[in-house]
Every structure is written in structure tokens, then in C-alpha cells.
Amino acid sequence: MKKFKNEVNKRIKANSMNRNLKTVASQFMLASIKPKYSYNFSWLGRPIIQYPQDIVVMQELIWHVKPDLIIETGIAHGGSLIFSASMIALLEVSKLIKSGKVLGVDIDIREHNRVKIEKHPLAGKIRMIQGSSIDEAIIRQVHDFAKDYSNIIVALDSNHAHSHVMAELNAYAQLVSKGSYCIVFDTLIEDMPEDMFPDRPWGKGNNPGTAVREFLKTHPEFEIDRSVEDKILITVAPGGYLKRVK
Ligand SMILES: C[S@@+](CC[C@H](N)C(=O)[O-])C[C@H]1O[C@@H](n2cnc3c(N)ncnc32)[C@H](O)[C@@H]1O
């Protein structure tokens, strides 16, 4: 097993320096956004708006960290909430944690989505709060909920404007436990062409990537875990897997 792990690590390092592979991966990212590739998938029956590579690596991180709480901003159809809930359930049945929960925040939980999430077999693992993730009352509710948990992962996937993600990082990153992660999705907007998101408030220079860069200047307790993107190469969160190191 040790030999196998060493071989994998060597290969990941080599892949991350393989110019051809990296070029093709970024071409895929560029070509797949407009056709809405990330909307093609579901997790245990609920649409999840993620790339499969990010989902697989989230599974690895969750299994490694063994959180008892995962806080997510941005629920949409609930796929990522159900994914996190399924991981919490697996940690519980494996007796790696006693019990855990997923807390989702969304400014607009559509009724049909809420009903489907509440009827899902994993609904018991999930709590949802409706409101803006940067509203003071909502931040307070999330902090109150988090008080009962000791090992927390945070995933930010709501409004992708710089100021919003900055406010989310300031509100929630402090809840992330040492050795755990704050995952900031859609940092890749910074690497996309200027005219890629004409109908959105975010774009080049104003996105989760720029927010992470600003946040890290004053938060040495977080470091970008580059080993994640070195491994998957295809990700919406390059530089967005932040590990809490102190
Ligand atoms: C990209 S989707 C989330 C996708 C989901 N995490 C998944 O993987 O399937 C973004 C969501 O953020 C929500 N949102 C937008 N602005 C928000 C805000 N200020 N606070 C909380 N949620 C917000 C939207 O309503 C939308 O459901």
C-alpha cells in the first residue's frame, strides 16, 4: 500500500507538470462552461451543479477530515447538500464519527427543491436556512448551530461576486477546524475570458478567486492546498481548496 501511495503521489506530481495535459484540461474547462456541463449530474437523485472531479475530491477530503458538520452556502436543487449528507451518513455507519449534520444556506430555496430535499432519505442529516449568507441574522444562526460541533468543513458556492465571497469568508472561515477545509467554488472565473459571464454580476477581477487572494493576505491560518488541483486538473476551484493549518 505504501508503494502504491508513493507511485500515485509521484504520478500526480508528474501530471501537474505535464504541460500538454494541463493545456488540454484548461481547454476543457473553457469549452465546457458555456454548454453548462456542470448541470449534467445528480447525486442520489438530486441535481448537483459540480464537476465530477470536484465531487470525487470532496469525497476524499470529507473522508480524510471526518467532519461532524459541513456548512454550505448555495443549495440550488440540493445535490451538494445530499452529497455531503451521504458522506456524513457513511462516516456514521463506519463509526468514524458519532453523528453529524449538514447545514445549508440559500437566499431562495425554491419550494419544489425544498420539498424534494425534505422528502429525501437523507433529509434527517440536513438543516436548511433561507436568507442571504452574508446577512447578520443568518450568520448568527449559522454560528449558533455550529456551537454543538467540533470538526467543521465550510463550502462556499452562492453569489460569486468578490464582495459577497469576501463577506462569506469573513463570516464563516473562522468556523473551519484546524486541519479541515474551506472550499471556495468557482475561483476559476478569474481565469476565464472577460466576456464569459455577460449576464452575471461577477467576472474577471470580481469573483471568488479575487476574494480568496485578498482573504489570504490577512489570514495565514489558511493555505491553498495545491495538491488537490494537481490531482484532478479539471476543477472549478483552482486555488479554492483552503486548508486551515493553524
Ligand atoms: C451555484 S448554485 C449552488 C449549487 C449547489 N451548491 C450544488 O452544488 O448543487 C448557487 C446558489 O446560491 C444561491 N444564492 C445566491 N445568492 C445568495 C446569497 N446572497 N446567499 C445565499 N445563497 C445565495 C442561489 O439561490 C443558488 O441556489
# chains A, B, ... in the order shown; residues from 1 in each chain; ligands from 1

call {"tool": "residues_near_ligand", "arguments": {"ligand": "ligand 1", "cutoff": "6 Å", "atoms": "only C-alpha atoms and all ligand atoms", "output": "VMD selection string"}}
result
chain A and resid 48 to 50 73 to 80 105 to 108 132 to 133 157 to 159

call {"tool": "closest_atom_pairs", "arguments": {"of": "range 221-243 of chain A", "to": "range 20-26 of chain A", "cutoff": "9 Å", "atoms": "only C-alpha atoms", "output": "CSV"}}
result
residue,atom,partner,partner_atom,distance
A:Leu233,CA,A:Ala25,CA,6.2
A:Ile234,CA,A:Ala25,CA,5.7
A:Thr235,CA,A:Ala25,CA,9.0

call {"tool": "select_by_dssp", "arguments": {"residues": "range 131-241 of chain A", "states": "strand (DSSP E or B)", "output": "ChimeraX atom specification"}}
result
/A:152-156,181-184,203,206,222-224,241

call {"tool": "write_last_selection", "arguments": {"atoms": "N, CA, C and O atoms", "output": "CSV table (one decimal), in the first residue's frame"}}
result
chain,number,residue,atom,x,y,z
A,152,ILE,N,-15.4,21.0,11.6
A,152,ILE,CA,-16.3,21.6,10.6
A,152,ILE,C,-15.6,21.9,9.3
A,152,ILE,O,-14.4,22.4,9.2
A,153,ILE,N,-16.3,21.6,8.2
A,153,ILE,CA,-15.9,21.9,6.8
A,153,ILE,C,-16.8,23.0,6.4
A,153,ILE,O,-18.0,22.9,6.7
A,154,VAL,N,-16.3,24.0,5.6
A,154,VAL,CA,-17.2,25.0,5.1
A,154,VAL,C,-17.0,25.0,3.5
A,154,VAL,O,-15.9,24.9,3.0
A,155,ALA,N,-18.1,25.1,2.8
A,155,ALA,CA,-18.1,25.1,1.3
A,155,ALA,C,-18.9,26.3,0.9
A,155,ALA,O,-20.1,26.4,1.2
A,156,LEU,N,-18.3,27.2,0.1
A,156,LEU,CA,-19.0,28.4,-0.3
A,156,LEU,C,-19.3,28.3,-1.8
A,156,LEU,O,-18.4,28.2,-2.7
A,181,TYR,N,-11.1,22.1,6.0
A,181,TYR,CA,-11.0,22.9,4.7
A,181,TYR,C,-12.1,23.9,4.6
A,181,TYR,O,-13.3,23.7,5.1
A,182,CYS,N,-11.8,25.0,4.0
A,182,CYS,CA,-12.8,25.9,3.5
A,182,CYS,C,-12.7,25.9,2.0
A,182,CYS,O,-11.7,26.2,1.4
A,183,ILE,N,-13.8,25.4,1.3
A,183,ILE,CA,-13.7,25.2,-0.1
A,183,ILE,C,-14.5,26.4,-0.8
A,183,ILE,O,-15.7,26.6,-0.5
A,184,VAL,N,-13.8,27.1,-1.6
A,184,VAL,CA,-14.4,28.2,-2.3
A,184,VAL,C,-14.6,27.9,-3.8
A,184,VAL,O,-13.6,27.8,-4.5
A,203,GLY,N,-17.2,38.4,-12.7
A,203,GLY,CA,-16.4,38.2,-13.9
A,203,GLY,C,-15.0,38.4,-13.6
A,203,GLY,O,-14.6,38.3,-12.4
A,206,ASN,N,-13.5,40.2,-10.4
A,206,ASN,CA,-14.6,40.3,-9.4
A,206,ASN,C,-15.2,39.0,-9.2
A,206,ASN,O,-16.2,38.6,-9.8
A,222,PHE,N,-4.8,30.0,6.9
A,222,PHE,CA,-5.2,29.2,5.7
A,222,PHE,C,-4.2,29.2,4.7
A,222,PHE,O,-3.5,30.2,4.4
A,223,GLU,N,-4.1,28.0,4.0
A,223,GLU,CA,-3.2,27.9,2.9
A,223,GLU,C,-3.9,27.2,1.8
A,223,GLU,O,-4.7,26.3,2.0
A,224,ILE,N,-3.6,27.5,0.5
A,224,ILE,CA,-4.2,26.8,-0.6
A,224,ILE,C,-3.5,25.4,-0.7
A,224,ILE,O,-2.3,25.3,-0.6
A,241,TYR,N,-9.3,25.4,-2.7
A,241,TYR,CA,-9.3,24.4,-1.6
A,241,TYR,C,-8.4,24.9,-0.5
A,241,TYR,O,-7.2,24.8,-0.6

call {"tool": "closest_residue", "arguments": {"among": "A:Lys36, A:Arg213, A:His219, A:His162", "to": "Arg244 in chain A", "atoms": "only C-alpha atoms"}}
result
A:His219

call {"tool": "atom_distance", "arguments": {"atom1": "CA of Gly131 in chain A", "atom2": "CA of Tyr39 in chain A"}}
result
23.5 Å

call {"tool": "residues_around", "arguments": {"residues": "Tyr172 in chain A", "least_positions_apart": "5", "cutoff": "9 Å", "atoms": "only C-alpha atoms", "output": "ChimeraX atom specification"}}
result
/A:71,139,142-143,154,167,182

call {"tool": "atom_distance", "arguments": {"atom1": "CA of Pro208 in chain A", "atom2": "CA of Ala237 in chain A"}}
result
8.9 Å

call {"tool": "atom_distance", "arguments": {"atom1": "CA of Leu30 in chain A", "atom2": "CA of Thr210 in chain A"}}
result
18.5 Å

call {"tool": "residues_around", "arguments": {"residues": "Val65 in chain A", "least_positions_apart": "3", "cutoff": "7 Å", "atoms": "only C-alpha atoms", "output": "count of residues only"}}
result
3

call {"tool": "residues_around", "arguments": {"residues": "Ala161 in chain A", "least_positions_apart": "4", "cutoff": "9 Å", "atoms": "only C-alpha atoms", "output": "ChimeraX atom specification"}}
result
/A:165-166,200-203,206-208,211

call {"tool": "closest_residue", "arguments": {"among": "A:Glu92, A:Glu72, A:Asp54, A:Glu7", "to": "Pro238 in chain A", "atoms": "only C-alpha atoms"}}
result
A:Asp54

call {"tool": "closest_residue", "arguments": {"among": "A:Asn6, A:Asn40, A:Ser177, A:Ser84", "to": "Ala123 in chain A", "atoms": "only C-alpha atoms"}}
result
A:Ser84

call {"tool": "closest_residue", "arguments": {"among": "A:Ile70, A:Met17, A:Leu188, A:Val212", "to": "Lys101 in chain A", "atoms": "only C-alpha atoms"}}
result
A:Ile70

call {"tool": "select_by_dssp", "arguments": {"residues": "range 25-201 of chain A", "states": "helix (DSSP H, G or I)", "output": "compact mmCIF listing (two decimals) with N, CA and C atoms, in the first residue's frame"}}
result
# COMPACT_ATOMS: atom_id res chain seq x y z
N ALA A 25 -6.56 20.20 -20.17
CA ALA A 25 -7.50 20.34 -19.05
C ALA A 25 -8.09 21.75 -19.03
N SER A 26 -7.24 22.78 -19.22
CA SER A 26 -7.83 24.13 -19.18
C SER A 26 -8.66 24.41 -20.43
N GLN A 27 -8.30 23.77 -21.54
CA GLN A 27 -9.16 23.93 -22.74
C GLN A 27 -10.53 23.30 -22.48
N PHE A 28 -10.52 22.18 -21.79
CA PHE A 28 -11.80 21.52 -21.47
C PHE A 28 -12.64 22.42 -20.56
N MET A 29 -11.99 23.01 -19.55
CA MET A 29 -12.72 23.91 -18.65
C MET A 29 -13.35 25.04 -19.45
N LEU A 30 -12.55 25.65 -20.30
CA LEU A 30 -13.02 26.79 -21.08
C LEU A 30 -14.18 26.39 -21.99
N ALA A 31 -14.04 25.22 -22.64
CA ALA A 31 -15.06 24.80 -23.61
C ALA A 31 -16.32 24.26 -22.94
N SER A 32 -16.22 23.82 -21.69
CA SER A 32 -17.36 23.13 -21.07
C SER A 32 -18.27 24.06 -20.26
N ILE A 33 -17.84 25.30 -20.01
CA ILE A 33 -18.66 26.19 -19.17
C ILE A 33 -19.92 26.65 -19.90
N TYR A 37 -21.90 22.13 -18.75
CA TYR A 37 -21.52 20.76 -18.41
C TYR A 37 -21.79 20.44 -16.94
N SER A 38 -21.57 21.43 -16.06
CA SER A 38 -21.69 21.16 -14.61
C SER A 38 -23.14 20.87 -14.19
N TYR A 39 -24.10 21.13 -15.12
CA TYR A 39 -25.51 20.88 -14.77
C TYR A 39 -25.95 19.47 -15.16
N PRO A 52 -17.61 16.41 -11.89
CA PRO A 52 -17.36 15.14 -11.19
C PRO A 52 -16.02 15.11 -10.45
N GLN A 53 -15.00 15.74 -11.03
CA GLN A 53 -13.69 15.73 -10.36
C GLN A 53 -13.75 16.41 -9.00
N ASP A 54 -14.46 17.53 -8.93
CA ASP A 54 -14.58 18.22 -7.64
C ASP A 54 -15.38 17.38 -6.65
N ILE A 55 -16.38 16.65 -7.16
CA ILE A 55 -17.18 15.81 -6.26
C ILE A 55 -16.31 14.69 -5.68
N VAL A 56 -15.51 14.07 -6.54
CA VAL A 56 -14.68 12.96 -6.06
C VAL A 56 -13.66 13.45 -5.02
N VAL A 57 -13.09 14.60 -5.28
CA VAL A 57 -12.06 15.10 -4.36
C VAL A 57 -12.70 15.59 -3.06
N MET A 58 -13.94 16.10 -3.14
CA MET A 58 -14.65 16.46 -1.91
C MET A 58 -14.86 15.20 -1.06
N GLN A 59 -15.19 14.09 -1.72
CA GLN A 59 -15.33 12.82 -1.01
C GLN A 59 -14.04 12.47 -0.29
N GLU A 60 -12.90 12.65 -0.98
CA GLU A 60 -11.61 12.33 -0.36
C GLU A 60 -11.36 13.23 0.86
N LEU A 61 -11.64 14.52 0.69
CA LEU A 61 -11.40 15.47 1.80
C LEU A 61 -12.30 15.16 2.99
N ILE A 62 -13.57 14.88 2.70
CA ILE A 62 -14.51 14.61 3.81
C ILE A 62 -14.10 13.33 4.54
N TRP A 63 -13.71 12.31 3.78
CA TRP A 63 -13.29 11.06 4.42
C TRP A 63 -12.04 11.27 5.26
N HIS A 64 -11.17 12.16 4.78
CA HIS A 64 -9.91 12.45 5.50
C HIS A 64 -10.18 13.28 6.76
N VAL A 65 -11.00 14.33 6.62
CA VAL A 65 -11.23 15.25 7.75
C VAL A 65 -12.18 14.65 8.79
N GLY A 79 -28.35 19.05 -4.56
CA GLY A 79 -27.44 17.94 -4.84
C GLY A 79 -26.19 17.94 -3.96
N SER A 80 -25.61 19.12 -3.75
CA SER A 80 -24.38 19.14 -2.95
C SER A 80 -24.71 18.88 -1.47
N LEU A 81 -25.88 19.34 -1.04
CA LEU A 81 -26.30 19.06 0.35
C LEU A 81 -26.48 17.55 0.55
N ILE A 82 -27.15 16.90 -0.42
CA ILE A 82 -27.38 15.46 -0.32
C ILE A 82 -26.05 14.71 -0.39
N PHE A 83 -25.15 15.21 -1.24
CA PHE A 83 -23.81 14.59 -1.32
C PHE A 83 -23.13 14.64 0.06
N SER A 84 -23.10 15.84 0.66
CA SER A 84 -22.44 15.98 1.97
C SER A 84 -23.15 15.12 3.02
N ALA A 85 -24.49 15.10 2.95
CA ALA A 85 -25.25 14.29 3.92
C ALA A 85 -24.91 12.81 3.74
N SER A 86 -24.72 12.38 2.50
CA SER A 86 -24.40 10.96 2.27
C SER A 86 -23.03 10.64 2.83
N MET A 87 -22.12 11.59 2.74
CA MET A 87 -20.77 11.36 3.30
C MET A 87 -20.83 11.31 4.83
N ILE A 88 -21.63 12.21 5.42
CA ILE A 88 -21.80 12.20 6.88
C ILE A 88 -22.40 10.85 7.31
N ALA A 89 -23.40 10.38 6.55
CA ALA A 89 -24.03 9.09 6.89
C ALA A 89 -23.01 7.96 6.79
N LEU A 90 -22.15 8.00 5.79
CA LEU A 90 -21.12 6.95 5.64
C LEU A 90 -20.11 7.01 6.78
N LEU A 91 -19.76 8.22 7.21
CA LEU A 91 -18.84 8.35 8.36
C LEU A 91 -19.50 7.79 9.62
N GLU A 92 -20.81 8.00 9.72
CA GLU A 92 -21.53 7.48 10.91
C GLU A 92 -21.58 5.95 10.88
N VAL A 93 -22.00 5.36 9.76
CA VAL A 93 -22.11 3.89 9.75
C VAL A 93 -20.74 3.23 9.88
N GLU A 111 -39.61 26.20 -3.54
CA GLU A 111 -40.50 25.26 -2.85
C GLU A 111 -40.32 23.82 -3.35
N HIS A 112 -40.25 23.64 -4.69
CA HIS A 112 -40.16 22.26 -5.21
C HIS A 112 -38.83 21.60 -4.80
N ASN A 113 -37.78 22.43 -4.68
CA ASN A 113 -36.50 21.87 -4.22
C ASN A 113 -36.57 21.52 -2.74
N ARG A 114 -37.15 22.45 -1.96
CA ARG A 114 -37.26 22.19 -0.50
C ARG A 114 -38.02 20.87 -0.25
N VAL A 115 -39.14 20.72 -0.96
CA VAL A 115 -39.97 19.52 -0.76
C VAL A 115 -39.16 18.26 -1.07
N LYS A 116 -38.45 18.30 -2.22
CA LYS A 116 -37.66 17.11 -2.62
C LYS A 116 -36.55 16.82 -1.60
N ILE A 117 -35.91 17.88 -1.11
CA ILE A 117 -34.81 17.68 -0.13
C ILE A 117 -35.40 17.13 1.17
N GLU A 118 -36.54 17.71 1.58
CA GLU A 118 -37.14 17.27 2.86
C GLU A 118 -37.69 15.85 2.79
N LYS A 119 -37.98 15.39 1.55
CA LYS A 119 -38.51 14.01 1.41
C LYS A 119 -37.40 13.01 1.12
N ALA A 123 -32.72 13.27 4.47
CA ALA A 123 -33.19 14.57 4.99
C ALA A 123 -32.87 14.76 6.47
N GLY A 124 -32.86 13.67 7.22
CA GLY A 124 -32.60 13.76 8.67
C GLY A 124 -31.21 14.30 9.00
N LYS A 125 -30.33 14.27 8.03
CA LYS A 125 -28.96 14.76 8.26
C LYS A 125 -28.82 16.25 7.91
N GLU A 136 -26.53 39.52 8.66
CA GLU A 136 -26.04 39.33 10.05
C GLU A 136 -26.85 38.30 10.83
N ALA A 137 -28.19 38.35 10.67
CA ALA A 137 -29.04 37.41 11.41
C ALA A 137 -28.78 35.96 10.97
N ILE A 138 -28.52 35.79 9.70
CA ILE A 138 -28.25 34.43 9.16
C ILE A 138 -26.88 33.95 9.68
N ILE A 139 -25.90 34.85 9.64
CA ILE A 139 -24.56 34.49 10.14
C ILE A 139 -24.67 34.04 11.60
N ARG A 140 -25.47 34.78 12.37
CA ARG A 140 -25.65 34.44 13.79
C ARG A 140 -26.27 33.03 13.93
N GLN A 141 -27.29 32.76 13.12
CA GLN A 141 -27.95 31.43 13.19
C GLN A 141 -26.96 30.31 12.87
N VAL A 142 -26.11 30.55 11.87
CA VAL A 142 -25.14 29.52 11.49
C VAL A 142 -24.14 29.31 12.62
N HIS A 143 -23.67 30.40 13.21
CA HIS A 143 -22.71 30.28 14.33
C HIS A 143 -23.35 29.57 15.51
N ASP A 144 -24.61 29.90 15.78
CA ASP A 144 -25.34 29.24 16.88
C ASP A 144 -25.41 27.74 16.65
N PHE A 145 -25.76 27.37 15.42
CA PHE A 145 -25.89 25.95 15.06
C PHE A 145 -24.53 25.25 15.22
N ALA A 146 -23.48 25.95 14.80
CA ALA A 146 -22.14 25.33 14.76
C ALA A 146 -21.56 25.08 16.16
N HIS A 162 -17.03 39.21 -5.82
CA HIS A 162 -15.90 39.37 -4.89
C HIS A 162 -16.37 39.79 -3.50
N SER A 163 -17.18 40.86 -3.43
CA SER A 163 -17.56 41.40 -2.11
C SER A 163 -18.38 40.38 -1.32
N HIS A 164 -19.21 39.61 -2.03
CA HIS A 164 -20.04 38.62 -1.35
C HIS A 164 -19.17 37.48 -0.78
N VAL A 165 -18.27 36.97 -1.60
CA VAL A 165 -17.42 35.85 -1.14
C VAL A 165 -16.50 36.33 -0.02
N MET A 166 -16.02 37.57 -0.15
CA MET A 166 -15.18 38.15 0.91
C MET A 166 -15.96 38.17 2.23
N ALA A 167 -17.22 38.62 2.15
CA ALA A 167 -18.06 38.69 3.36
C ALA A 167 -18.33 37.28 3.90
N GLU A 168 -18.53 36.32 3.01
CA GLU A 168 -18.75 34.93 3.46
C GLU A 168 -17.49 34.39 4.14
N LEU A 169 -16.34 34.66 3.53
CA LEU A 169 -15.07 34.18 4.14
C LEU A 169 -14.90 34.80 5.52
N ASN A 170 -15.18 36.10 5.63
CA ASN A 170 -15.04 36.76 6.94
C ASN A 170 -16.03 36.21 7.96
N ALA A 171 -17.20 35.79 7.47
CA ALA A 171 -18.24 35.29 8.39
C ALA A 171 -18.01 33.84 8.80
N TYR A 172 -17.55 33.01 7.87
CA TYR A 172 -17.59 31.57 8.12
C TYR A 172 -16.23 30.86 8.19
N ALA A 173 -15.18 31.44 7.63
CA ALA A 173 -13.90 30.72 7.60
C ALA A 173 -13.41 30.42 9.01
N GLN A 174 -13.74 31.32 9.95
CA GLN A 174 -13.29 31.10 11.34
C GLN A 174 -13.92 29.85 11.96
N LEU A 175 -15.00 29.36 11.37
CA LEU A 175 -15.64 28.14 11.90
C LEU A 175 -14.90 26.87 11.48
N THR A 187 -13.62 29.74 -8.23
CA THR A 187 -12.44 30.62 -8.33
C THR A 187 -11.95 30.70 -9.78
N LEU A 188 -12.32 29.72 -10.58
CA LEU A 188 -11.80 29.70 -11.96
C LEU A 188 -12.33 30.83 -12.82
N ILE A 189 -13.37 31.54 -12.34
CA ILE A 189 -13.91 32.67 -13.12
C ILE A 189 -12.78 33.64 -13.46
N GLU A 190 -11.81 33.75 -12.53
CA GLU A 190 -10.68 34.67 -12.75
C GLU A 190 -9.85 34.27 -13.99
N ASP A 191 -9.85 32.99 -14.32
CA ASP A 191 -9.03 32.51 -15.44
C ASP A 191 -9.80 32.49 -16.76

call {"tool": "closest_residue", "arguments": {"among": "A:Leu69, A:Phe215, A:Met128, A:Gly240", "to": "Ser227 in chain A", "atoms": "only C-alpha atoms"}}
result
A:Gly240
